[in-house]
Amino acid sequence: MRRRFHPAPAALASVALLVSLAFPAGASVGVETPGEPNVSTGDLRFHANAVAYRQGASDARAEFFIRIPYREIRFVPTGDRYEGRLRVTVELSREGGRRVGYEQKEARLQSTDLAATQDSLLGEVYTVGLVAPRGEYRFRVTVEDMNVARRGLIYQMKNKKRQGEVRGQIDMGGWMFADPALSGIEFAWSVRDRTPESSFGKGGYDVLPHPSAYYGLFRDVVSAYYEIYDAPPPPEGRAYRVRSMILGSAGDTLMESIDSLRAADGTAWPHVVRADVASLPTGHYRLRLDLLDDADAPVATTQAEFDMLWEAESWSPDAVNLYDIAASTLMTQTEADGFRELSRGAKEEALGKLWRSIDPTPDTAENELKRTFQDRVDYANAHYTVFQKGMFSDRGHVWIQFGEPDEIRIERIPVSDRTLGVVAEGQIPKSSKDLLTRPDTGIADSRPYEIWTYQLSGREVVPRHRMNDVSGGMKFVFVDEHGYGEYTLRYSSVSGFR
């Protein structure tokens, strides 16, 4: 499933990123990702980033790199194949909100391979280039799945499609217009020699964009493209030396090398850097490039951050949500809030340390608590998936947190003495019952419901890590408000449960 166009400024280009590893299908949800700015929010997961380049003597060019996993796209049968439809929108604005650049394109994706359309590590890669005067800007990248309406009646009435967006800032100011200077850094999945068939040609290179900047398990060589800018060289040419460094989270230099090149003409020269990072552990890192003078002092610097991921699940579009669920299950509120501020690599590192610290049998290959957590996630996905994966639902949240209830009362078509108002009598406080059942409406409450009862405090993976002691048991009431099978938590006897 591969489409190749030659990219051009302010135009879209697409190619499949051919790495294969399947994860379960299902819709994403919009967990906020403050520590992962390249990850979209909304109900469609993708990665996007922006890199600054010069465009002539006075203008700048923001290049946007967008990757959407095929599993996030709804492919529908069309004749003998499957078809997806996307709309990609990129907006570039001044700090005050005035738009200076805009591009919107729609794409049709076709495949005869159903398995490929459900793969989480196969995906569409798009590039968009927008030219603007030098300065600092805000940007927004939106991807819409034109085959899927957004959840909610109001969205369907307005014909809104399932979408996600990435917002950020890009500095294309004076730092890039000194002579000499360096551009921003574009991380790449691969860099090859350019050919007439190259989809992502830059200078003499074919640079496959990698906007997530994840390396490790599936790619243990960091590749990056950048440009050197300077006044035209003299007739004999001009030599440049660039020092590349990989820095750890504490700013310590872990790898260093120096590269040389010679410019014969022009004012901009493309270049690439590669580094074998197979020895780097999980974590968050920074690639720094220094253009050096004759005394080895930096005269221009550019840098960008990347993550090392060695766990397969960290590469899944669901990873940000799985990490969020793990944080809610294993950590205090304060710890979970801090965890959400971390990058993907730092999250994998922190969660790995946490799992090891609570492993009941550290001398064995399997962590039984982690296995219990994963089994609960799998159960929630298998039994409580409606519009979204079950692990994101209220019932899934409680199941993952406390395990299987001692008793579950289910009423799909409650009548007479089985309605919620009658059954809840004596089981929950009257004030909560009145809020739950709304007796003053004069209408019989026929909503489907489930009541989950735990005789004691359930079976938390980390017992009572953030709750008051529960000695009298726990009760949770879920109600299907609209009759679609999506049950919402309407009452909990546990204070502080989120």
# chains A, B, ... in the order shown; residues from 1 in each chain; ligands from 1
>>> residues_around(residues="Trp269 of chain A", least_positions_apart="5", cutoff="10 Å", atoms="only C-alpha atoms", output="CSV table (one decimal) with N, CA and C atoms, in the first residue's frame")
chain,number,residue,atom,x,y,z
A,182,LEU,N,22.5,27.6,10.7
A,182,LEU,CA,22.0,26.3,10.5
A,182,LEU,C,20.5,26.3,10.5
A,203,GLY,N,17.9,18.2,-1.8
A,203,GLY,CA,19.2,18.2,-2.3
A,203,GLY,C,19.5,16.9,-3.0
A,226,TYR,N,19.6,18.5,7.7
A,226,TYR,CA,19.7,19.9,8.0
A,226,TYR,C,20.4,20.7,6.9
A,227,GLU,N,20.3,22.0,7.0
A,227,GLU,CA,21.0,22.8,5.9
A,227,GLU,C,21.9,23.8,6.6
A,228,ILE,N,23.0,24.1,5.9
A,228,ILE,CA,24.0,25.1,6.3
A,228,ILE,C,23.8,26.3,5.4
A,229,TYR,N,23.7,27.5,6.0
A,229,TYR,CA,23.6,28.8,5.2
A,229,TYR,C,24.8,29.7,5.5
A,230,ASP,N,25.1,30.4,4.4
A,230,ASP,CA,26.3,31.3,4.5
A,230,ASP,C,26.3,32.2,3.2
A,261,LEU,N,32.7,19.2,5.3
A,261,LEU,CA,32.2,19.3,3.9
A,261,LEU,C,32.7,20.6,3.3
A,262,ARG,N,32.7,20.6,2.0
A,262,ARG,CA,33.2,21.8,1.3
A,262,ARG,C,32.2,22.3,0.3
A,263,ALA,N,31.9,23.6,0.4
A,263,ALA,CA,31.0,24.3,-0.5
A,263,ALA,C,31.7,25.0,-1.6
A,264,ALA,N,31.2,24.8,-2.8
A,264,ALA,CA,31.8,25.5,-4.0
A,264,ALA,C,31.1,26.7,-4.5
>>> residues_around(residues="Ser58 of chain A", least_positions_apart="6", cutoff="9 Å", atoms="only C-alpha atoms", output="PyMOL selection string")
chain A and resi 133-134+177
>>> atom_distance(atom1="atom CA of Arg459 of chain A", atom2="atom CA of Val398 of chain A")
10.7 Å
